[in-house]
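Enquirer: File name coords34.txt; file contents compact mmCIF, C-alpha atoms; full text below.
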# COMPACT_ATOMS: atom_id res chain seq x y z
CA MET C 1 157.05 112.48 4.30
CA GLN C 2 159.92 113.87 6.37
CA LYS C 3 163.14 111.85 6.50
CA SER C 4 163.21 111.90 10.31
CA LYS C 5 161.37 113.32 13.29
CA LYS C 6 161.99 113.78 16.98
CA PRO C 7 159.92 112.10 19.72
CA ILE C 8 158.58 115.47 20.88
CA ASP C 9 156.89 115.83 17.47
CA SER C 10 154.58 112.94 18.38
CA LEU C 11 153.87 113.95 21.99
CA THR C 12 150.20 113.47 22.79
CA VAL C 13 148.70 114.41 26.15
CA MET C 14 145.13 113.49 27.06
CA THR C 15 143.59 114.62 30.36
CA ASN C 16 140.31 113.31 31.79
CA ILE C 17 138.57 112.84 35.10
CA VAL C 18 137.53 109.38 36.34
CA LEU C 19 133.73 109.24 36.34
CA PRO C 20 131.62 106.81 38.43
CA ASN C 21 130.58 104.70 35.40
CA GLU C 22 134.28 104.14 34.56
CA THR C 23 135.15 102.49 37.88
CA ASN C 24 135.25 98.97 39.25
CA SER C 25 133.76 97.73 42.54
CA LEU C 26 136.65 99.34 44.43
CA ARG C 27 135.77 102.73 42.85
CA ASN C 28 139.03 102.81 40.90
CA LEU C 29 139.37 103.29 37.14
CA PHE C 30 138.66 100.05 35.24
CA GLY C 31 141.82 98.58 33.72
CA GLY C 32 140.07 98.18 30.36
CA GLU C 33 139.01 101.82 30.37
CA LEU C 34 142.60 102.85 31.00
CA LEU C 35 143.86 100.55 28.21
CA ALA C 36 141.44 102.19 25.77
CA ARG C 37 142.63 105.67 26.76
CA MET C 38 146.25 104.57 26.36
CA ASP C 39 145.51 103.03 22.95
CA ARG C 40 143.81 106.23 21.76
CA ALA C 41 146.70 108.44 22.88
CA GLY C 42 149.19 106.01 21.33
CA ALA C 43 147.31 105.99 18.03
CA ILE C 44 147.28 109.79 17.91
CA SER C 45 151.01 109.86 18.66
CA ALA C 46 151.76 107.32 15.91
CA THR C 47 149.57 109.28 13.47
CA LYS C 48 151.47 112.48 14.25
CA HIS C 49 154.76 110.71 13.57
CA SER C 50 153.75 108.83 10.43
CA GLU C 51 151.30 111.34 8.98
CA LYS C 52 149.21 108.28 8.06
CA ARG C 53 146.28 106.38 9.46
CA VAL C 54 147.46 103.74 11.91
CA VAL C 55 146.25 100.48 13.41
CA THR C 56 147.22 98.90 16.69
CA ALA C 57 149.46 95.90 15.97
CA SER C 58 150.20 94.86 19.55
CA VAL C 59 150.21 95.83 23.17
CA ASN C 60 153.64 94.68 24.24
CA HIS C 61 153.56 95.57 27.90
CA VAL C 62 151.29 97.31 30.38
CA SER C 63 151.93 97.82 34.06
CA PHE C 64 149.25 98.67 36.59
CA ASP C 65 151.32 100.13 39.40
CA ASN C 66 148.86 102.38 41.24
CA PRO C 67 145.06 102.61 41.09
CA ILE C 68 143.39 105.83 39.98
CA PRO C 69 140.35 106.62 42.13
CA GLU C 70 136.96 107.92 41.10
CA GLY C 71 137.24 111.68 40.67
CA GLY C 72 140.96 111.44 39.99
CA ILE C 73 142.49 113.38 37.12
CA VAL C 74 144.17 111.06 34.62
CA VAL C 75 146.94 112.33 32.35
CA VAL C 76 147.98 110.00 29.52
CA GLU C 77 151.22 110.95 27.73
CA ALA C 78 152.30 109.11 24.57
CA LYS C 79 155.40 109.51 22.41
CA VAL C 80 156.90 107.41 19.63
CA SER C 81 159.93 105.67 21.12
CA ARG C 82 161.18 104.01 17.91
CA ALA C 83 160.18 103.91 14.26
CA PHE C 84 160.89 100.88 12.13
CA SER C 85 160.02 100.44 8.45
CA THR C 86 156.23 100.65 8.67
CA SER C 87 155.68 100.25 12.41
CA MET C 88 156.23 102.44 15.41
CA GLU C 89 156.66 101.63 19.06
CA VAL C 90 154.84 104.13 21.28
CA TYR C 91 155.61 104.44 24.96
CA VAL C 92 152.63 105.54 27.02
CA ASP C 93 152.95 106.92 30.56
CA VAL C 94 149.97 107.52 32.82
CA TRP C 95 149.84 109.94 35.73
CA GLU C 96 147.29 110.82 38.37
CA ASP C 97 147.39 114.60 38.65
CA ASP C 98 146.34 115.92 42.04
CA PRO C 99 146.33 119.73 41.81
CA ILE C 100 144.74 120.09 45.26
CA ASN C 101 147.69 118.40 46.99
CA GLN C 102 150.11 119.56 44.30
CA ARG C 103 151.43 116.14 43.32
CA LYS C 104 151.64 114.03 40.21
CA ILE C 105 151.91 110.26 40.65
CA HIS C 106 153.08 107.89 37.89
CA THR C 107 150.47 105.13 37.92
CA ASN C 108 150.91 103.11 34.76
CA SER C 109 152.96 102.63 31.62
CA GLY C 110 152.52 100.68 28.44
CA ILE C 111 154.28 99.92 25.20
CA TYR C 112 152.14 99.76 22.07
CA THR C 113 153.04 99.01 18.46
CA PHE C 114 151.20 100.68 15.59
CA VAL C 115 151.46 100.15 11.83
CA ALA C 116 151.00 103.02 9.39
CA ILE C 117 148.50 102.31 6.62
CA ASP C 118 148.38 103.85 3.14
CA GLU C 119 145.27 104.77 1.14
CA ASN C 120 145.05 101.16 -0.16
CA GLY C 121 145.08 99.64 3.31
CA LYS C 122 148.68 98.42 3.00
CA PRO C 123 151.55 99.09 5.42
CA ALA C 124 153.24 102.43 4.66
CA LYS C 125 156.77 103.65 5.30
CA VAL C 126 157.26 105.92 8.31
CA PRO C 127 159.91 108.57 9.06
CA GLU C 128 162.94 107.62 11.13
CA LEU C 129 163.10 108.78 14.74
CA GLU C 130 165.93 110.81 16.30
CA PRO C 131 165.80 110.55 20.10
CA GLU C 132 167.17 113.53 22.04
CA THR C 133 166.88 113.10 25.81
CA ASP C 134 168.54 110.38 27.88
CA LEU C 135 165.16 108.72 28.47
CA GLU C 136 164.29 108.84 24.75
CA ILE C 137 167.68 107.32 23.87
CA GLU C 138 167.19 104.56 26.46
CA ARG C 139 163.67 103.74 25.20
CA PHE C 140 164.87 103.88 21.58
CA ALA C 141 167.59 101.27 22.25
CA ALA C 142 165.28 99.04 24.28
CA ALA C 143 162.68 99.06 21.50
CA LYS C 144 165.07 97.23 19.17
CA ARG C 145 165.59 94.49 21.79
CA ARG C 146 161.83 94.21 22.35
CA LYS C 147 161.24 93.90 18.61
CA GLU C 148 163.81 91.11 18.27
CA LEU C 149 162.34 89.27 21.26
CA SER C 150 158.84 89.60 19.80
CA LEU C 151 160.05 88.23 16.45
CA ILE C 152 161.72 85.29 18.20
CA LEU C 153 158.63 84.50 20.28
CA SER C 154 156.40 84.64 17.18
CA GLY C 155 158.72 82.29 15.29
CA LYS C 156 159.66 84.94 12.70
CA MET C 157 163.30 85.09 13.83
CA LYS C 158 165.71 82.45 15.09
CA PRO C 159 167.34 83.25 18.43
CA THR C 160 170.73 82.78 16.80
CA ASP C 161 169.91 85.63 14.37
CA SER C 162 169.33 88.15 17.14
CA ILE C 163 171.89 90.92 17.29
CA GLU C 164 170.60 93.09 20.15
CA LEU C 165 169.68 90.24 22.50
CA LYS C 166 173.09 88.61 22.00
CA LYS C 167 174.69 91.92 22.97
CA LEU C 168 172.50 92.13 26.05
CA PHE C 169 172.90 88.55 27.29
CA LEU C 170 176.17 87.36 25.82
CA GLY C 171 178.11 90.60 25.57
CA GLU C 172 178.76 89.99 21.86
Can the structure from this file be put into structure tokens for me?
Expert:
Amino acid sequence: MQKSKKPIDSLTVMTNIVLPNETNSLRNLFGGELLARMDRAGAISATKHSEKRVVTASVNHVSFDNPIPEGGIVVVEAKVSRAFSTSMEVYVDVWEDDPINQRKIHTNSGIYTFVAIDENGKPAKVPELEPETDLEIERFAAAKRRKELSLILSGKMKPTDSIELKKLFLGE
């Protein structure tokens, strides 16, 4: 296992067309179908980073900003945004690619958490992540705050033990 990796090492891009059996009554891509595509791309990204099998631990956030119509070309891009001990946060962006009108529209985004699994089915250590671009650095920092908030909401951390959220809200 490498000591650290860069987000680009985990980049996963999946491109598909929206078929009629994948649409809702408004002839737009079903939300559940999109979630499955995002989960698949995220899992591949986490596998590339960890070099292990992975399981989805949580879907922390998904936004449905713009519908994707039947016949639309869907591009799902996933990259690890932060690696913890055995888990990885993967940021997934979704685009509708319209080559006829030469435009690409950001339609959705989601934040997934995956856990690397060893050959015995136990959580496995993952390489550290070294963000490079401004966006990667921003997502890397935000991932720590999201993790602390998740731990607080699940009762695994006391709010008074939070470091990142105190910095954010109290300026400590």
Enquirer: Using all atoms listed in the file, pick whichever of C:Ser154, C:Ser87, C:Thr47, C:Asn101 has the shortest atom-to-atom distance to Val115 in chain C.
Expert: C:Ser87
Enquirer: State, in Å with one decimal place, the distance from CA of Leu149 in chain C to CA of Val13 in chain C.
Expert: 29.0 Å
Enquirer: Using only C-alpha atoms, which residues sit within 10 Å of range 53-56 of chain C once same-chain residues fewer than 4 positions away are excluded, as a PyMOL selection string?
Expert: chain C and resi 39-40+42-48+86-88+112-119+121+123-124
Enquirer: What is the distance between CA of Lys144 in chain C and CA of Glu51 in chain C, in Å to one decimal?
Expert: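 Computed distance, CA of Lys144 in chain C to CA of Glu51 in chain C, equals 22.2 Å.
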Enquirer: Rounded to one decimal in Å, what is the spacing between CA of Phe64 in chain C and CA of Ser109 in chain C?
Expert: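 These atoms are spaced 7.4 Å apart.
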Enquirer: Would you write out, as JSON lines, a table of all residues in range 41-131 of chain C that have an atom no more than 10 Å from an atom of range 17-31 of chain C, listing for each the closest atom pair and the distance in Å to one decimal, considering only C-alpha atoms and ordering rows by chain and rising residue number?
Expert:
{"residue": "C:Phe64", "atom": "CA", "partner": "C:Gly31", "partner_atom": "CA", "distance": 8.0}
{"residue": "C:Asn66", "atom": "CA", "partner": "C:Asn28", "partner_atom": "CA", "distance": 9.8}
{"residue": "C:Pro67", "atom": "CA", "partner": "C:Asn28", "partner_atom": "CA", "distance": 6.0}
{"residue": "C:Ile68", "atom": "CA", "partner": "C:Asn28", "partner_atom": "CA", "distance": 5.4}
{"residue": "C:Pro69", "atom": "CA", "partner": "C:Asn28", "partner_atom": "CA", "distance": 4.2}
{"residue": "C:Glu70", "atom": "CA", "partner": "C:Val18", "partner_atom": "CA", "distance": 5.0}
{"residue": "C:Gly71", "atom": "CA", "partner": "C:Val18", "partner_atom": "CA", "distance": 4.9}
{"residue": "C:Gly72", "atom": "CA", "partner": "C:Val18", "partner_atom": "CA", "distance": 5.4}
{"residue": "C:Ile73", "atom": "CA", "partner": "C:Ile17", "partner_atom": "CA", "distance": 4.4}
{"residue": "C:Val74", "atom": "CA", "partner": "C:Ile17", "partner_atom": "CA", "distance": 5.9}
{"residue": "C:Val75", "atom": "CA", "partner": "C:Ile17", "partner_atom": "CA", "distance": 8.8}
{"residue": "C:Glu96", "atom": "CA", "partner": "C:Ile17", "partner_atom": "CA", "distance": 9.5}
{"residue": "C:Asp97", "atom": "CA", "partner": "C:Ile17", "partner_atom": "CA", "distance": 9.7}
Enquirer: At a cut-off of 8 Å, using all atoms listed in the file, what residues contact range 162-165 of chain C? Leave out same-chain residues fewer than 3 positions from it and give the result as a ChimeraX atom specification.
Expert: /C:144-145,148-149,157-159,168-170
Enquirer: Choose the residue, out of C:Thr160, C:Ser50, C:Asn108, C:Ser4, that has the smallest atom-to-atom separation from Tyr91 in chain C; count all atoms listed in the file.
Expert: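 The closest residue to Tyr91 in chain C is C:Asn108.
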